[in-house]
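S.K.: Here you go, this is protein_21.tsv (TSV, C-alpha atoms).
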```tsv
chain	number	residue	atom	x	y	z
A	1	MET	CA	19.03	-2.12	30.02
A	2	SER	CA	17.81	-5.00	32.17
A	3	LEU	CA	19.00	-8.57	31.72
A	4	THR	CA	17.16	-10.33	28.87
A	5	ARG	CA	17.16	-14.11	28.80
A	6	TYR	CA	14.98	-14.59	25.74
A	7	LEU	CA	14.51	-12.19	22.80
A	8	PRO	CA	14.98	-8.42	23.10
A	9	LEU	CA	12.21	-6.09	21.94
A	10	PRO	CA	12.89	-4.81	18.38
A	11	SER	CA	13.75	-1.11	18.22
A	12	ASP	CA	11.98	1.66	16.33
A	13	ARG	CA	14.58	1.32	13.59
A	14	MET	CA	13.60	-2.32	13.04
A	15	GLY	CA	9.90	-1.42	12.91
A	16	ILE	CA	10.65	1.32	10.39
A	17	ILE	CA	12.64	-0.91	8.06
A	18	TRP	CA	10.33	-3.94	8.07
A	19	ASN	CA	7.40	-1.68	7.17
A	20	LEU	CA	9.21	0.28	4.45
A	21	LEU	CA	10.44	-2.94	2.84
A	22	ASN	CA	6.87	-3.86	1.91
A	23	ILE	CA	6.56	-0.91	-0.47
A	24	LYS	CA	7.23	-1.84	-4.09
A	25	GLU	CA	8.95	0.80	-6.25
A	26	GLY	CA	10.79	1.88	-3.12
A	27	VAL	CA	14.27	1.03	-1.84
A	28	VAL	CA	15.64	1.15	1.70
A	29	LEU	CA	19.29	2.18	1.96
A	30	GLU	CA	20.73	1.84	5.44
A	31	TYR	CA	23.70	4.06	6.17
A	32	GLY	CA	25.71	1.88	8.50
A	33	PRO	CA	27.83	-1.26	8.84
A	34	ALA	CA	26.94	-4.28	6.71
A	35	GLY	CA	26.81	-6.57	9.75
A	36	THR	CA	23.90	-4.64	11.25
A	37	THR	CA	21.80	-5.01	8.10
A	38	HIS	CA	22.76	-8.68	7.69
A	39	PHE	CA	21.67	-9.44	11.26
A	40	SER	CA	18.36	-7.63	10.74
A	41	MET	CA	17.54	-9.61	7.60
A	42	SER	CA	16.97	-12.79	9.61
A	43	LEU	CA	14.11	-11.08	11.46
A	44	TYR	CA	12.60	-9.66	8.27
A	45	GLY	CA	12.68	-13.12	6.72
A	46	GLU	CA	10.88	-14.64	9.72
A	47	LEU	CA	8.18	-11.99	9.38
A	48	GLY	CA	7.67	-13.04	5.77
A	49	VAL	CA	8.92	-9.75	4.34
A	50	ASP	CA	9.81	-10.47	0.73
A	51	ALA	CA	12.13	-7.65	-0.33
A	52	PRO	CA	14.30	-8.64	-3.30
A	53	GLU	CA	16.47	-5.72	-4.41
A	54	ARG	CA	14.82	-3.40	-1.88
A	55	LEU	CA	17.26	-3.41	1.04
A	56	PHE	CA	20.82	-2.15	0.70
A	57	THR	CA	23.57	-0.97	2.99
A	58	THR	CA	26.46	1.41	2.32
A	59	HIS	CA	28.76	-0.23	4.85
A	60	ILE	CA	31.01	2.14	6.78
A	61	GLY	CA	34.46	1.80	8.29
A	62	GLU	CA	36.34	3.45	11.13
A	63	GLU	CA	37.60	6.23	8.86
A	64	ASP	CA	34.04	7.13	7.83
A	65	ILE	CA	33.02	7.38	11.47
A	66	VAL	CA	36.04	9.31	12.70
A	67	MET	CA	36.31	11.70	9.75
A	68	GLY	CA	32.61	12.03	9.03
A	69	ASP	CA	33.17	10.99	5.42
A	70	THR	CA	29.84	10.36	3.63
A	71	THR	CA	31.31	9.41	0.24
A	72	ARG	CA	30.04	5.83	0.53
A	73	LEU	CA	26.47	7.05	1.00
A	74	GLU	CA	26.67	9.41	-1.96
A	75	LYS	CA	28.06	6.70	-4.24
A	76	ALA	CA	25.44	4.20	-3.07
A	77	LEU	CA	22.62	6.63	-3.89
A	78	LEU	CA	23.97	7.14	-7.41
A	79	GLU	CA	24.47	3.41	-8.01
A	80	ILE	CA	21.02	2.38	-6.75
A	81	ASP	CA	19.31	5.13	-8.72
A	82	GLU	CA	21.05	4.08	-11.93
A	83	ALA	CA	20.80	0.31	-11.49
A	84	TYR	CA	17.24	-0.07	-10.13
A	85	SER	CA	15.42	3.20	-10.99
A	86	PRO	CA	13.26	3.23	-7.84
A	87	LYS	CA	10.64	5.94	-7.37
A	88	VAL	CA	11.76	6.48	-3.78
A	89	ILE	CA	14.88	5.78	-1.77
A	90	PHE	CA	14.37	5.78	2.00
A	91	VAL	CA	17.77	6.64	3.52
A	92	VAL	CA	17.74	5.10	6.99
A	93	ALA	CA	20.25	5.86	9.72
A	94	SER	CA	21.86	2.99	11.60
A	95	SER	CA	22.57	3.15	15.31
A	96	ILE	CA	26.18	4.20	14.69
A	97	THR	CA	25.43	6.99	12.22
A	98	SER	CA	22.71	8.30	14.54
A	99	ILE	CA	25.16	8.45	17.44
A	100	ILE	CA	27.75	10.42	15.47
A	101	GLY	CA	25.06	12.79	14.21
A	102	THR	CA	25.25	12.27	10.46
A	103	ASP	CA	23.09	14.91	8.73
A	104	LEU	CA	20.99	12.65	6.49
A	105	LYS	CA	18.56	15.46	5.66
A	106	GLY	CA	21.37	17.69	4.44
A	107	ILE	CA	22.91	14.91	2.37
A	108	CYS	CA	19.57	14.02	0.78
A	109	ASN	CA	18.95	17.69	-0.01
A	110	TYR	CA	22.13	18.17	-2.04
A	111	MET	CA	22.05	14.67	-3.57
A	112	GLN	CA	18.45	15.09	-4.76
A	113	LYS	CA	19.68	17.08	-7.79
A	114	ARG	CA	21.87	14.15	-8.88
A	115	VAL	CA	19.31	11.33	-8.74
A	116	ASN	CA	15.88	10.72	-10.22
A	117	ALA	CA	14.46	8.89	-7.20
A	118	HIS	CA	12.75	10.88	-4.46
A	119	LEU	CA	15.05	10.79	-1.42
A	120	ILE	CA	13.47	10.58	2.02
A	121	PRO	CA	15.80	10.67	5.06
A	122	VAL	CA	14.84	8.61	8.12
A	123	GLU	CA	17.09	9.64	10.99
A	124	GLN	CA	15.75	7.37	13.75
A	125	GLY	CA	18.54	4.99	14.64
A	126	GLY	CA	16.88	2.81	17.25
A	127	PHE	CA	16.93	5.24	20.19
A	128	ARG	CA	13.41	6.71	20.21
A	129	GLY	CA	11.50	3.64	21.37
A	130	ASP	CA	10.54	0.13	20.33
A	131	TYR	CA	9.07	-1.11	17.06
A	132	SER	CA	5.61	0.30	17.82
A	133	VAL	CA	7.13	3.80	17.72
A	134	GLY	CA	8.67	2.87	14.38
A	135	ILE	CA	5.27	1.78	13.07
A	136	GLN	CA	3.77	5.11	14.15
A	137	PHE	CA	6.60	7.01	12.43
A	138	VAL	CA	6.28	5.16	9.11
A	139	GLN	CA	2.48	5.46	9.01
A	140	SER	CA	2.69	9.23	9.57
A	141	LEU	CA	5.62	9.64	7.17
A	142	LEU	CA	3.78	7.94	4.32
A	143	ALA	CA	0.56	9.83	5.02
A	144	GLU	CA	2.43	13.14	4.90
A	145	GLU	CA	4.65	12.45	1.90
A	146	PHE	CA	2.53	10.68	-0.71
A	147	PRO	CA	-1.30	10.77	-0.76
A	148	LYS	CA	-2.91	13.59	-2.74
A	149	ARG	CA	-6.64	14.09	-3.13
A	150	ARG	CA	-7.57	13.87	-6.80
A	151	GLU	CA	-10.89	12.21	-7.61
A	152	THR	CA	-12.69	10.16	-4.99
A	153	GLU	CA	-13.23	6.56	-6.02
A	154	PRO	CA	-16.58	5.22	-4.75
A	155	LYS	CA	-16.73	2.16	-2.51
A	156	THR	CA	-12.98	2.14	-1.75
A	157	TYR	CA	-11.08	2.19	1.53
A	158	ASN	CA	-7.50	2.17	2.81
A	159	LEU	CA	-6.23	0.02	5.67
A	160	LEU	CA	-3.89	1.93	7.99
A	161	GLY	CA	-1.77	0.43	10.74
A	162	VAL	CA	-0.99	-2.80	8.90
A	163	SER	CA	2.30	-4.33	10.03
A	164	LEU	CA	3.68	-7.79	9.32
A	165	GLY	CA	5.06	-7.80	12.85
A	166	SER	CA	1.52	-8.59	13.96
A	167	TYR	CA	0.83	-12.32	14.10
A	168	ARG	CA	-1.64	-13.61	11.46
A	169	MET	CA	-1.70	-10.16	9.86
A	170	ARG	CA	-2.12	-11.51	6.33
A	171	SER	CA	-5.03	-13.68	7.44
A	172	ASP	CA	-6.62	-10.75	9.29
A	173	ILE	CA	-6.40	-8.61	6.15
A	174	VAL	CA	-8.14	-11.32	4.11
A	175	GLU	CA	-10.88	-11.56	6.77
A	176	ILE	CA	-11.36	-7.79	6.99
A	177	GLN	CA	-11.57	-7.49	3.21
A	178	ASP	CA	-14.15	-10.29	3.15
A	179	LEU	CA	-16.22	-8.58	5.86
A	180	LEU	CA	-16.28	-5.26	4.01
A	181	GLU	CA	-17.06	-6.94	0.69
A	182	LYS	CA	-20.00	-8.87	2.15
A	183	ALA	CA	-21.31	-6.02	4.28
A	184	PHE	CA	-21.00	-3.15	1.81
A	185	GLY	CA	-19.54	-4.39	-1.47
A	186	TRP	CA	-16.49	-2.17	-0.90
A	187	LYS	CA	-12.95	-2.90	-2.16
A	188	ARG	CA	-9.56	-2.20	-0.60
A	189	LYS	CA	-7.46	0.48	-2.27
A	190	THR	CA	-4.17	0.10	-0.42
A	191	CYS	CA	-2.55	-0.97	2.85
A	192	PHE	CA	-0.08	1.02	4.89
A	193	CYS	CA	2.19	-1.09	4.67
A	194	TYR	CA	1.60	-4.47	3.02
A	195	ASP	CA	1.08	-5.62	-0.55
A	196	THR	CA	1.40	-2.05	-1.79
A	197	SER	CA	3.57	0.24	-3.91
A	198	VAL	CA	4.61	3.87	-4.05
A	199	GLN	CA	2.01	4.44	-6.77
A	200	GLN	CA	-0.77	2.86	-4.74
A	201	ILE	CA	0.10	4.97	-1.69
A	202	GLU	CA	0.07	8.09	-3.87
A	203	ASP	CA	-3.40	7.09	-5.09
A	204	SER	CA	-4.64	6.33	-1.56
A	205	GLY	CA	-5.87	9.91	-1.28
A	206	ASN	CA	-8.76	8.92	-3.57
A	207	ALA	CA	-10.29	6.46	-1.11
A	208	LYS	CA	-13.62	7.19	0.60
A	209	ILE	CA	-12.56	6.13	4.10
A	210	ASN	CA	-9.50	5.10	6.09
A	211	ILE	CA	-9.91	2.10	8.39
A	212	VAL	CA	-7.30	2.33	11.15
A	213	LEU	CA	-6.52	-1.10	12.58
A	214	ARG	CA	-4.20	-0.05	15.42
A	215	PRO	CA	-3.88	3.18	17.45
A	216	GLU	CA	-0.31	3.82	16.28
A	217	ALA	CA	-1.79	4.87	12.92
A	218	VAL	CA	-4.27	7.42	14.30
A	219	GLU	CA	-1.88	10.29	13.61
A	220	ALA	CA	-1.55	9.16	9.98
A	221	ALA	CA	-5.34	9.11	9.68
A	222	LYS	CA	-5.51	12.66	11.03
A	223	ILE	CA	-2.90	13.80	8.50
A	224	MET	CA	-4.89	12.28	5.62
A	225	LYS	CA	-8.08	13.84	6.96
A	226	LYS	CA	-6.38	17.24	6.90
A	227	ASN	CA	-4.66	16.84	3.52
A	228	CYS	CA	-7.16	14.68	1.63
A	229	ASP	CA	-10.40	15.11	3.61
A	230	ILE	CA	-10.73	11.34	4.16
A	231	PRO	CA	-12.80	10.32	7.22
A	232	TRP	CA	-11.48	7.52	9.37
A	233	VAL	CA	-12.55	4.94	11.91
A	234	LEU	CA	-10.37	3.17	14.48
A	235	GLY	CA	-10.66	-0.48	15.41
A	236	THR	CA	-10.07	-4.10	14.49
A	237	PRO	CA	-13.07	-6.47	14.71
A	238	TYR	CA	-12.62	-9.04	17.50
A	239	GLY	CA	-15.48	-11.29	18.58
A	240	TYR	CA	-18.93	-11.49	17.02
A	241	LEU	CA	-20.31	-8.46	18.87
A	242	GLY	CA	-17.09	-6.55	18.24
A	243	THR	CA	-17.42	-7.29	14.53
A	244	LEU	CA	-21.03	-6.08	14.47
A	245	LEU	CA	-20.12	-2.85	16.27
A	246	TRP	CA	-17.15	-2.34	13.93
A	247	ILE	CA	-19.40	-2.70	10.87
A	248	GLU	CA	-21.89	-0.31	12.46
A	249	LYS	CA	-19.21	2.35	13.04
A	250	ILE	CA	-18.15	2.14	9.40
A	251	ALA	CA	-21.77	2.27	8.23
A	252	ASN	CA	-22.35	5.48	10.20
A	253	ILE	CA	-19.41	7.17	8.49
A	254	ILE	CA	-20.00	6.01	4.92
A	255	LYS	CA	-23.79	6.47	5.25
A	256	GLU	CA	-24.61	3.04	3.84
A	257	GLU	CA	-26.66	0.23	5.32
A	258	PRO	CA	-24.80	-3.10	5.58
A	259	ASP	CA	-26.26	-6.19	3.94
A	260	PRO	CA	-29.02	-7.37	6.34
A	261	GLU	CA	-28.65	-11.07	5.54
A	262	PHE	CA	-24.92	-10.96	6.29
A	263	LEU	CA	-25.55	-9.14	9.57
A	264	MET	CA	-28.15	-11.75	10.50
A	265	GLN	CA	-25.56	-14.51	10.12
A	266	ILE	CA	-23.19	-12.77	12.54
A	267	LYS	CA	-26.00	-11.98	14.99
A	268	GLU	CA	-26.96	-15.65	15.06
A	269	LYS	CA	-23.40	-16.56	16.02
A	270	GLU	CA	-23.47	-13.85	18.68
A	271	ARG	CA	-26.67	-15.27	20.20
A	272	ASN	CA	-25.25	-18.79	20.24
A	273	SER	CA	-22.10	-17.59	22.02
A	274	SER	CA	-24.22	-16.42	24.98
A	275	MET	CA	-24.32	-20.04	26.15
A	276	TYR	CA	-20.78	-19.61	27.50
A	277	GLN	CA	-22.09	-17.26	30.18
A	278	MET	CA	-24.44	-20.02	31.28
A	279	ASN	CA	-21.59	-22.56	31.27
A	280	VAL	CA	-19.58	-20.27	33.54
A	281	ARG	CA	-22.45	-20.03	36.05
A	282	MET	CA	-22.78	-23.84	36.10
A	283	LEU	CA	-19.17	-24.37	37.18
A	284	LYS	CA	-19.03	-25.35	40.86
A	285	ARG	CA	-15.32	-25.07	41.64
A	286	ASP	CA	-13.27	-23.39	38.93
A	287	VAL	CA	-13.45	-19.78	37.80
A	288	PRO	CA	-12.59	-19.65	34.07
A	289	LYS	CA	-9.81	-17.13	33.54
A	290	VAL	CA	-7.84	-15.91	30.57
A	291	SER	CA	-4.46	-14.18	30.44
A	292	LEU	CA	-3.56	-12.13	27.37
A	293	VAL	CA	-0.05	-11.25	26.22
A	294	GLY	CA	0.42	-9.50	22.90
A	295	GLU	CA	0.13	-6.24	21.01
A	296	TYR	CA	-2.06	-3.51	22.47
A	297	HIS	CA	-4.88	-3.53	19.92
A	298	VAL	CA	-5.16	-7.33	20.01
A	299	ILE	CA	-5.31	-7.44	23.81
A	300	GLU	CA	-7.87	-4.66	23.94
A	301	GLY	CA	-10.15	-6.37	21.42
A	302	LEU	CA	-9.86	-9.90	22.81
A	303	ALA	CA	-10.31	-8.75	26.42
A	304	SER	CA	-13.65	-7.21	25.52
A	305	PHE	CA	-14.71	-10.40	23.74
A	306	PHE	CA	-13.78	-12.73	26.61
A	307	GLN	CA	-15.51	-10.54	29.18
A	308	LYS	CA	-18.64	-10.63	27.01
A	309	ILE	CA	-18.78	-14.44	27.08
A	310	GLY	CA	-18.22	-14.56	30.84
A	311	LEU	CA	-14.50	-15.27	31.27
A	312	THR	CA	-12.48	-13.32	33.80
A	313	VAL	CA	-9.51	-11.55	32.21
A	314	ALA	CA	-6.79	-12.07	34.82
A	315	ASN	CA	-3.84	-10.45	33.05
A	316	LYS	CA	-3.45	-8.03	30.17
A	317	ILE	CA	0.24	-7.64	29.28
A	318	CYS	CA	1.40	-5.62	26.28
A	319	LEU	CA	4.59	-6.74	24.55
A	320	HIS	CA	5.56	-3.24	23.43
A	321	SER	CA	5.62	0.15	25.13
A	322	LEU	CA	2.53	2.36	25.23
A	323	LYS	CA	4.42	5.44	24.04
A	324	ALA	CA	2.68	5.47	20.65
A	325	ILE	CA	-0.80	4.65	22.06
A	326	PRO	CA	-3.07	7.67	22.56
A	327	ASP	CA	-5.23	7.39	25.71
A	328	ALA	CA	-4.00	3.88	26.53
A	329	ASP	CA	-6.15	1.63	28.71
A	330	LYS	CA	-4.50	1.70	32.16
A	331	THR	CA	-5.46	-1.94	32.82
A	332	ILE	CA	-3.16	-3.04	29.99
A	333	LEU	CA	0.37	-3.26	31.37
A	334	TYR	CA	3.71	-2.85	29.66
A	335	LEU	CA	6.47	-4.47	31.70
A	336	SER	CA	9.83	-3.16	30.55
A	337	GLU	CA	11.81	-5.80	32.43
A	338	GLU	CA	11.54	-9.42	31.37
A	339	LYS	CA	11.77	-10.66	34.95
A	340	GLU	CA	8.60	-8.75	35.89
A	341	LYS	CA	6.62	-10.44	33.14
A	342	LYS	CA	8.13	-13.82	33.98
A	343	LYS	CA	7.16	-13.42	37.64
A	344	ILE	CA	3.51	-12.90	36.69
A	345	LEU	CA	3.34	-15.65	34.08
A	346	GLU	CA	4.85	-18.26	36.41
A	347	THR	CA	1.92	-17.80	38.81
A	348	ILE	CA	-0.71	-18.64	36.17
A	349	HIS	CA	-2.39	-22.04	36.55
A	350	ASN	CA	-5.41	-23.66	34.89
A	351	GLN	CA	-6.03	-20.66	32.71
A	352	LEU	CA	-6.55	-19.98	29.03
A	353	VAL	CA	-3.34	-18.23	27.93
A	354	PHE	CA	-3.30	-16.28	24.67
A	355	ALA	CA	0.28	-15.16	24.08
A	356	ASP	CA	3.50	-15.43	22.09
A	357	ASP	CA	5.74	-18.50	22.15
A	358	ILE	CA	8.23	-16.97	24.60
A	359	SER	CA	5.53	-16.03	27.10
A	360	ILE	CA	3.95	-19.46	26.74
A	361	GLU	CA	7.35	-20.98	27.58
A	362	MET	CA	7.33	-19.07	30.88
A	363	CYS	CA	3.94	-20.47	31.95
A	364	SER	CA	3.07	-23.70	33.76
A	365	LYS	CA	2.02	-26.53	31.46
A	366	ASP	CA	-1.33	-26.98	33.20
A	367	ASN	CA	-2.75	-24.10	31.15
A	368	ILE	CA	-4.40	-24.17	27.71
A	369	PHE	CA	-2.40	-22.14	25.18
A	370	PHE	CA	-3.13	-20.30	21.96
A	371	ARG	CA	-0.65	-18.18	20.03
A	372	ILE	CA	-1.77	-14.63	19.16
A	373	SER	CA	1.52	-12.81	18.82
A	374	ALA	CA	5.07	-12.90	17.53
A	375	PRO	CA	7.72	-14.05	18.14
A	376	VAL	CA	7.02	-17.46	16.69
A	377	VAL	CA	9.65	-19.89	17.96
A	378	ARG	CA	7.96	-23.24	17.30
A	379	GLY	CA	6.51	-23.86	13.88
A	380	ALA	CA	5.82	-21.22	11.26
A	381	GLU	CA	3.04	-18.91	10.11
A	382	VAL	CA	2.08	-20.32	6.70
A	383	ALA	CA	-1.67	-20.05	6.11
A	384	ASN	CA	-3.43	-16.85	5.02
A	385	HIS	CA	-6.90	-18.13	5.92
A	386	LEU	CA	-6.60	-18.43	9.71
A	387	PRO	CA	-7.33	-14.99	11.16
A	388	ILE	CA	-7.63	-13.93	14.77
A	389	ALA	CA	-9.95	-11.06	13.85
A	390	GLY	CA	-13.47	-11.14	12.49
A	391	VAL	CA	-16.00	-13.96	12.30
A	392	ARG	CA	-13.64	-16.74	11.29
A	393	GLY	CA	-11.13	-15.68	13.92
A	394	THR	CA	-13.81	-15.85	16.61
A	395	ASP	CA	-14.91	-19.27	15.37
A	396	MET	CA	-11.36	-20.58	15.86
A	397	ILE	CA	-10.94	-18.92	19.27
A	398	LEU	CA	-14.16	-20.49	20.56
A	399	GLU	CA	-12.85	-23.93	19.66
A	400	VAL	CA	-9.96	-23.24	22.06
A	401	VAL	CA	-12.43	-22.02	24.68
A	402	GLU	CA	-14.35	-25.32	24.27
A	403	GLN	CA	-11.13	-27.22	24.87
A	404	TYR	CA	-10.45	-25.13	27.98
A	405	PHE	CA	-13.88	-25.82	29.46
A	406	GLN	CA	-13.11	-29.56	29.37
A	407	ILE	CA	-10.53	-29.15	32.16
A	408	LEU	CA	-12.82	-27.07	34.43
A	409	ARG	CA	-15.13	-28.38	37.14
```
Represent the structure from my file as structure tokens, please.

M.R.:
Amino acid sequence: MSLTRYLPLPSDRMGIIWNLLNIKEGVVLEYGPAGTTHFSMSLYGELGVDAPERLFTTHIGEEDIVMGDTTRLEKALLEIDEAYSPKVIFVVASSITSIIGTDLKGICNYMQKRVNAHLIPVEQGGFRGDYSVGIQFVQSLLAEEFPKRRETEPKTYNLLGVSLGSYRMRSDIVEIQDLLEKAFGWKRKTCFCYDTSVQQIEDSGNAKINIVLRPEAVEAAKIMKKNCDIPWVLGTPYGYLGTLLWIEKIANIIKEEPDPEFLMQIKEKERNSSMYQMNVRMLKRDVPKVSLVGEYHVIEGLASFFQKIGLTVANKICLHSLKAIPDADKTILYLSEEKEKKKILETIHNQLVFADDISIEMCSKDNIFFRISAPVVRGAEVANHLPIAGVRGTDMILEVVEQYFQILR
């Protein structure tokens, strides 16, 4: 591991737990030392994960590790099942129990007869990748375990690839729901994984379409297509044109025409945004540039938007690995060593920088900054009405672009 001055990248185990904690009627039991779980809770709290009585740890001591004694885990399963009556208990390995090779599947198999809750072992202990790999695992796990096709509910959709680790995720969900309501009159059925429950995920097989917001959830969409015959579409709407194309893709799958008046409103905004290309051509000295640092799907969407309005995208840096991204764009870089990213960011001057707080800290102060990613070091994410995606997100981004143009000549 290279030297890290700021914050290390969360592991797949962290991504797994913070997604599973958002599922009501489910409990996460981590088989490991209490200190590991206590440390993790600070991150979950910062992400806004509200999980009362949904995260537990068995704690383990040296004797458990050396002798391979799993009595604590067995007792914890019985106690949680009796005290809280969850529908599902996700039994998650810690780093230590993964290293010593604890057979969680075997334990869950013989303990299943003694508890009412459905036991699901999760043996990743933080060694298979970063949090994006954890997101991919959870999305696929839920799609495989729970949804069953019963009776299709008209005008309903599921959102796949939702993760509270994404900055402004709650606001983006509100925006996406508003877009689909105004365009088609459709309602959300459930999210994988936010504001949902075990029952809702079981019923997700009744939806008409799956809308996949990030590529890590493509495999989950394919599983639900196979098991429940639900069609899917990939993409998050960024920019006015991107939003129009996103609505068009959905319309082609569901075979419905979007509301023409609503489309006209977005098209008017798209026409007005063409003036930025003219502004770029009028500049005599400066070339307007933008550098993007964030999650893959956000960078991909915003890069397309900025290029459309005439800005040069100078840097596209992904904060997580591309291991879980099928057919990743080769112009989007993942830099595994912090010093490599720092070296690039320190050379940026007089640019529009869309990034996380740590990356912004590494840049010169003569840039214009806008936060699009966690971690959030200064301030807090409070509002649910300030998206990055969709029409309202583009409105807000263009205000930052206007501010940036004031420093150019």

S.K.: How big is the axis-aligned box around the listed atoms of stretch 326-334 of chain A once 6 Å is added on each side, and where is its centre? Give both in Å to one decimal, as lines of an AutoDock Vina configuration file.

M.R.:
```
center_x = -1.2
center_y = 2.2
center_z = 27.7
size_x = 21.9
size_y = 22.9
size_z = 22.3
```

S.K.: Name all residues at most 10 Å from A:Ile325 (count all atoms listed in the file; drop same-chain ones fewer than 5 positions away) and give them as a PyMOL selection string.

M.R.: chain A and resi 132-133+136+214-218+296-297

S.K.: Write out as a count of residues only each polymer residue whose atoms come within 12 Å of stretch 242-244 of chain A, counting only C-alpha atoms; drop sequence neighbours fewer than 3 positions from it.

M.R.: 44

S.K.: Calculated over all atoms listed in the file, which of the candidates A:Gln351, A:Ser291, A:Thr190, A:Asn272 has the smallest distance to A:Val313?

M.R.: A:Ser291

S.K.: Quick one: residues within 10 Å of A:Leu73, only C-alpha atoms counted, chain neighbours fewer than 4 positions away excluded, as a list of chain:residue names?

M.R.: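 Result of the neighbour search: A:Leu29, A:Glu30, A:Tyr31, A:Gly32, A:Thr57, A:Thr58, A:His59, A:Ile60, A:Asp69, A:Leu77, A:Leu78, A:Glu79, A:Val91, A:Leu104, A:Ile107, A:Cys108, A:Met111.
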
S.K.: Atom CA of A:Ser166 to atom CA of A:Ile372: how many Å, to one decimal?

M.R.: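 Atom-to-atom, atom CA of A:Ser166 to atom CA of A:Ile372, that is 8.6 Å.
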
S.K.: Please indicate the distance in Å from atom CA of A:Ala220 to atom CA of A:Ser140, rounded to one decimal place.

M.R.: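 Going from atom CA of A:Ala220 over to atom CA of A:Ser140 covers 4.3 Å.
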
S.K.: Pick the closest to A:Ala143 from A:Tyr131, A:Tyr84, A:Tyr110, A:Phe192: which is it, counting all atoms listed in the file?

M.R.: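 When distances to A:Ala143 are compared using all atoms listed in the file, the smallest one comes from A:Phe192.
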
S.K.: Tell me which of A:Arg54, A:Lys339, A:Arg409, A:Arg150 sits closest to A:Ile80, counting only C-alpha atoms.

M.R.: A:Arg54

S.K.: Separation of atom CA of A:Ile254 and atom CA of A:Val162, in Å?

M.R.: 21.3 Å

S.K.: Hey, can you pull every residue with an atom no more than 12 Å from (-12.4, 14.5, 6.5), using only C-alpha atoms, and send it as a ChimeraX atom specification?

M.R.: /A:149,205,207-210,221-233,253-254

S.K.: Using all atoms listed in the file, which residues sit within 7 Å of A:Ser197 once same-chain residues fewer than 4 positions away are excluded, as a ChimeraX atom specification?

M.R.: /A:23-25,201
